Amino acid sequence: HLHYCEAKFCPDHYHTTMTTETLSSSPKCVSSFILERGDKDDNISSVDHFLKELPSALQKRKIEAINPGASNDPVSMLLGRTQLSEKEWKDYALFDETRAYTRNLIATDNETYTLLLLCWNPGKESPIHDHPCDGCWLKVFRGSVRECRYDTNLQCVSDETFHEGQLGYIYDSMGYHKVGNPSKCEGAVTLHLYAPPILHCRIWRCEDPKSEEIS
């Protein structure tokens with residue numbers, strides 16, 4: 001049996017503990033969806049540059065009703081061009097050995113997007129969760145992450161691992177999932193974009209057959 005509850009979704013430095021593990025929301029890995037890096041001059045090499053171009057990509061996607069990960073998805077294209085060195089993101093990479101993973105806020109406008117850096121401790125994973133927003137994207141900056149995706153009956157329908165530089169996405173019509181770090185000795189770092197920001201998400205756990213709602 002699976003235990004279901006609702007929890008607030010917020011970065012850890014604004015974190016209010018709702019369950020025994022922190023929550024995450026991470027995209028669906030699609031192994032065939034790996035964008036070419038393109039010309040070096042076209043790459044985005046700083047957080048400031050990415051944030052400058054993000055609003056127009058989000059607006060275009062909304063106006064044209066483009067699904068995350070579609071061949072013409074401007075957000076996926078933008079993330080594909082984003083090649084940040086560790087120097088660019090290391091100040092946001094805050095690990096906490098007492099948690100499975102941490103969510104570290106990079107930027108948000110509190111209306112159209114939230115950009116987070118997630119740091120995964122070795123061998124740790126999120127609970128199964130949904131994505132109550134229009135789209136979620138992920139890019140691996142260090143290590144690898146494993147994703148198990150579930151249908152609405154909570155039956156596992158895929159088990160994927162993706163690696164540094166790969167880009168993924170998810171939205172609720174694709175199902176639910178859990179994400180974790182398969183390595184037993186090395187941490188993983190992933191960039192997550194949520195549009196619009198997630199305030200709440202649902203999670204399911206295996207250790208308690210009772211259901212409860214937490215807000």
# chains A, B, ... in the order shown; residues from 1 in each chain; ligands from 1
>>> closest_atom_pairs(of="segment 125-165 of chain A", to="segment 105-115 of chain A", cutoff="12 Å", atoms="only C-alpha atoms", output="JSON lines")
{"residue": "A:Cys133", "atom": "CA", "partner": "A:Tyr113", "partner_atom": "CA", "distance": 9.9}
{"residue": "A:Asp134", "atom": "CA", "partner": "A:Thr112", "partner_atom": "CA", "distance": 9.9}
{"residue": "A:Gly135", "atom": "CA", "partner": "A:Tyr113", "partner_atom": "CA", "distance": 9.7}
{"residue": "A:Cys136", "atom": "CA", "partner": "A:Tyr113", "partner_atom": "CA", "distance": 9.7}
{"residue": "A:Trp137", "atom": "CA", "partner": "A:Leu115", "partner_atom": "CA", "distance": 9.7}
{"residue": "A:Leu138", "atom": "CA", "partner": "A:Leu115", "partner_atom": "CA", "distance": 9.9}
{"residue": "A:Lys139", "atom": "CA", "partner": "A:Leu115", "partner_atom": "CA", "distance": 11.4}
>>> select_by_dssp(residues="segment 73-128 of chain A", states="strand (DSSP E)", output="MDAnalysis selection string")
chainID A and resid 101:108 114:120 128
>>> atom_distance(atom1="atom CA of Gly143 of chain A", atom2="atom CA of Ala188 of chain A")
4.7 Å
>>> residues_around(residues="Leu58 of chain A", least_positions_apart="3", cutoff="9 Å", atoms="only C-alpha atoms", output="ChimeraX atom specification")
/A:54-55,61-63,74-75,112-113,195
>>> closest_residue(among="A:Arg103, A:Lys90, A:His129, A:Lys178", to="Arg142 of chain A", atoms="only C-alpha atoms")
A:Lys90
>>> atom_distance(atom1="atom CA of Ile44 of chain A", atom2="atom CA of Leu191 of chain A")
14.1 Å
>>> select_by_dssp(residues="segment 30-176 of chain A", states="alpha helix (DSSP H)", output="mmCIF file with N, CA, C and O atoms, in the first residue's frame")
data_model
loop_
_atom_site.group_PDB
_atom_site.id
_atom_site.type_symbol
_atom_site.label_atom_id
_atom_site.label_comp_id
_atom_site.auth_asym_id
_atom_site.auth_seq_id
_atom_site.Cartn_x
_atom_site.Cartn_y
_atom_site.Cartn_z
ATOM 1 N N VAL A 47 24.702 31.999 -15.597
ATOM 2 C CA VAL A 47 23.330 32.029 -15.081
ATOM 3 C C VAL A 47 22.629 33.304 -15.514
ATOM 4 O O VAL A 47 21.449 33.281 -15.915
ATOM 5 N N ASP A 48 23.314 34.427 -15.472
ATOM 6 C CA ASP A 48 22.711 35.703 -15.872
ATOM 7 C C ASP A 48 22.239 35.672 -17.320
ATOM 8 O O ASP A 48 21.157 36.178 -17.642
ATOM 9 N N HIS A 49 23.058 35.099 -18.192
ATOM 10 C CA HIS A 49 22.693 34.996 -19.615
ATOM 11 C C HIS A 49 21.457 34.118 -19.776
ATOM 12 O O HIS A 49 20.531 34.451 -20.523
ATOM 13 N N PHE A 50 21.417 32.990 -19.057
ATOM 14 C CA PHE A 50 20.262 32.091 -19.124
ATOM 15 C C PHE A 50 18.989 32.810 -18.674
ATOM 16 O O PHE A 50 17.946 32.743 -19.340
ATOM 17 N N LEU A 51 19.063 33.514 -17.549
ATOM 18 C CA LEU A 51 17.891 34.203 -17.023
ATOM 19 C C LEU A 51 17.434 35.340 -17.927
ATOM 20 O O LEU A 51 16.252 35.675 -17.968
ATOM 21 N N LYS A 52 18.355 35.921 -18.666
ATOM 22 C CA LYS A 52 18.004 36.994 -19.593
ATOM 23 C C LYS A 52 17.187 36.456 -20.762
ATOM 24 O O LYS A 52 16.253 37.114 -21.244
ATOM 25 N N GLU A 53 17.509 35.246 -21.211
ATOM 26 C CA GLU A 53 16.814 34.675 -22.372
ATOM 27 C C GLU A 53 15.588 33.857 -22.000
ATOM 28 O O GLU A 53 14.745 33.574 -22.857
ATOM 29 N N LEU A 54 15.481 33.474 -20.737
ATOM 30 C CA LEU A 54 14.389 32.593 -20.325
ATOM 31 C C LEU A 54 12.995 33.179 -20.532
ATOM 32 O O LEU A 54 12.110 32.478 -21.040
ATOM 33 N N PRO A 55 12.702 34.437 -20.162
ATOM 34 C CA PRO A 55 11.328 34.951 -20.305
ATOM 35 C C PRO A 55 10.777 34.851 -21.728
ATOM 36 O O PRO A 55 9.612 34.484 -21.914
ATOM 37 N N SER A 56 11.583 35.158 -22.725
ATOM 38 C CA SER A 56 11.095 35.095 -24.104
ATOM 39 C C SER A 56 10.816 33.654 -24.521
ATOM 40 O O SER A 56 9.858 33.384 -25.256
ATOM 41 N N ALA A 57 11.631 32.700 -24.033
ATOM 42 C CA ALA A 57 11.399 31.290 -24.353
ATOM 43 C C ALA A 57 10.100 30.805 -23.702
ATOM 44 O O ALA A 57 9.296 30.097 -24.331
ATOM 45 N N LEU A 58 9.865 31.187 -22.457
ATOM 46 C CA LEU A 58 8.634 30.802 -21.774
ATOM 47 C C LEU A 58 7.413 31.418 -22.442
ATOM 48 O O LEU A 58 6.370 30.766 -22.588
ATOM 49 N N GLN A 59 7.522 32.666 -22.829
ATOM 50 C CA GLN A 59 6.400 33.345 -23.481
ATOM 51 C C GLN A 59 6.065 32.705 -24.819
ATOM 52 O O GLN A 59 4.884 32.480 -25.132
ATOM 53 N N LYS A 60 7.068 32.401 -25.616
ATOM 54 C CA LYS A 60 6.841 31.773 -26.921
ATOM 55 C C LYS A 60 6.170 30.414 -26.761
ATOM 56 O O LYS A 60 5.214 30.094 -27.475
ATOM 57 N N ARG A 61 6.649 29.639 -25.788
ATOM 58 C CA ARG A 61 6.067 28.327 -25.559
ATOM 59 C C ARG A 61 4.601 28.439 -25.129
ATOM 60 O O ARG A 61 3.747 27.660 -25.572
ATOM 61 N N LYS A 62 4.288 29.414 -24.287
ATOM 62 C CA LYS A 62 2.914 29.583 -23.816
ATOM 63 C C LYS A 62 1.999 30.042 -24.942
ATOM 64 O O LYS A 62 0.891 29.517 -25.111
ATOM 65 N N ILE A 63 2.434 31.013 -25.723
ATOM 66 C CA ILE A 63 1.612 31.545 -26.813
ATOM 67 C C ILE A 63 1.310 30.474 -27.859
ATOM 68 O O ILE A 63 0.188 30.358 -28.354
ATOM 69 N N PRO A 74 10.995 25.899 -27.198
ATOM 70 C CA PRO A 74 12.075 26.873 -27.021
ATOM 71 C C PRO A 74 12.778 26.764 -25.675
ATOM 72 O O PRO A 74 13.957 27.114 -25.562
ATOM 73 N N VAL A 75 12.091 26.264 -24.653
ATOM 74 C CA VAL A 75 12.724 26.099 -23.340
ATOM 75 C C VAL A 75 13.742 24.966 -23.390
ATOM 76 O O VAL A 75 14.865 25.089 -22.885
ATOM 77 N N SER A 76 13.381 23.855 -24.011
ATOM 78 C CA SER A 76 14.331 22.759 -24.166
ATOM 79 C C SER A 76 15.532 23.188 -25.000
ATOM 80 O O SER A 76 16.671 22.813 -24.699
ATOM 81 N N MET A 77 15.279 23.969 -26.038
ATOM 82 C CA MET A 77 16.381 24.466 -26.862
ATOM 83 C C MET A 77 17.309 25.354 -26.053
ATOM 84 O O MET A 77 18.540 25.286 -26.177
ATOM 85 N N LEU A 78 16.720 26.199 -25.214
ATOM 86 C CA LEU A 78 17.513 27.087 -24.372
ATOM 87 C C LEU A 78 18.377 26.283 -23.398
ATOM 88 O O LEU A 78 19.575 26.566 -23.228
ATOM 89 N N LEU A 79 17.780 25.285 -22.761
ATOM 90 C CA LEU A 79 18.539 24.448 -21.837
ATOM 91 C C LEU A 79 19.614 23.649 -22.572
ATOM 92 O O LEU A 79 20.689 23.398 -22.031
ATOM 93 N N GLY A 80 19.322 23.255 -23.792
ATOM 94 C CA GLY A 80 20.311 22.534 -24.579
ATOM 95 C C GLY A 80 21.537 23.373 -24.878
ATOM 96 O O GLY A 80 22.656 22.855 -24.977
ATOM 97 N N ARG A 81 21.340 24.673 -25.014
ATOM 98 C CA ARG A 81 22.455 25.596 -25.281
ATOM 99 C C ARG A 81 23.199 25.979 -24.008
ATOM 100 O O ARG A 81 24.265 26.583 -24.080
ATOM 101 N N GLU A 86 31.310 24.404 -13.627
ATOM 102 C CA GLU A 86 31.086 24.238 -12.191
ATOM 103 C C GLU A 86 31.279 25.544 -11.446
ATOM 104 O O GLU A 86 30.591 25.808 -10.445
ATOM 105 N N LYS A 87 32.158 26.388 -11.923
ATOM 106 C CA LYS A 87 32.387 27.685 -11.295
ATOM 107 C C LYS A 87 31.115 28.524 -11.276
ATOM 108 O O LYS A 87 30.881 29.300 -10.340
ATOM 109 N N GLU A 88 30.267 28.360 -12.297
ATOM 110 C CA GLU A 88 29.025 29.137 -12.396
ATOM 111 C C GLU A 88 27.978 28.689 -11.385
ATOM 112 O O GLU A 88 27.191 29.504 -10.914
ATOM 113 N N TRP A 89 27.934 27.381 -11.082
ATOM 114 C CA TRP A 89 26.850 26.896 -10.229
ATOM 115 C C TRP A 89 27.278 26.415 -8.848
ATOM 116 O O TRP A 89 26.423 26.120 -8.003
#
>>> residues_around(residues="Asp96 of chain A", least_positions_apart="4", cutoff="9 Å", atoms="only C-alpha atoms", output="PyMOL selection string")
chain A and resi 100-102+119-121
>>> write_last_selection(atoms="N, CA and C atoms", output="PDB file, in the first residue's frame")
ATOM      1  N   ALA A 100      18.025  13.495   2.049  1.00  0.00           N
ATOM      2  CA  ALA A 100      18.256  12.736   0.818  1.00  0.00           C
ATOM      3  C   ALA A 100      18.823  13.648  -0.263  1.00  0.00           C
ATOM      4  N   TYR A 101      18.292  14.864  -0.318  1.00  0.00           N
ATOM      5  CA  TYR A 101      18.747  15.841  -1.301  1.00  0.00           C
ATOM      6  C   TYR A 101      18.299  17.227  -0.862  1.00  0.00           C
ATOM      7  N   THR A 102      18.883  18.245  -1.464  1.00  0.00           N
ATOM      8  CA  THR A 102      18.495  19.621  -1.149  1.00  0.00           C
ATOM      9  C   THR A 102      18.054  20.329  -2.416  1.00  0.00           C
ATOM     10  N   CYS A 119      20.840  18.977  -5.202  1.00  0.00           N
ATOM     11  CA  CYS A 119      22.052  18.240  -4.855  1.00  0.00           C
ATOM     12  C   CYS A 119      21.635  16.926  -4.193  1.00  0.00           C
ATOM     13  N   TRP A 120      21.995  15.816  -4.828  1.00  0.00           N
ATOM     14  CA  TRP A 120      21.553  14.484  -4.421  1.00  0.00           C
ATOM     15  C   TRP A 120      22.681  13.753  -3.697  1.00  0.00           C
ATOM     16  N   ASN A 121      22.428  13.317  -2.482  1.00  0.00           N
ATOM     17  CA  ASN A 121      23.403  12.504  -1.771  1.00  0.00           C
ATOM     18  C   ASN A 121      23.451  11.099  -2.363  1.00  0.00           C
TER      19      ASN A 121
END
>>> closest_residue(among="A:Asn67, A:Thr98, A:Asn104, A:Thr161", to="Lys124 of chain A", atoms="only C-alpha atoms")
A:Thr98
>>> closest_residue(among="A:Leu117, A:Ile203, A:Asp151, A:Gln83", to="Thr190 of chain A", atoms="only C-alpha atoms")
A:Leu117
>>> residues_around(residues="Ser144 of chain A", least_positions_apart="5", cutoff="8 Å", atoms="only C-alpha atoms", output="ChimeraX atom specification")
/A:161-164,181-183,188
>>> closest_residue(among="A:Gly187, A:Leu199, A:Arg99, A:Met174", to="Pro68 of chain A", atoms="only C-alpha atoms")
A:Met174
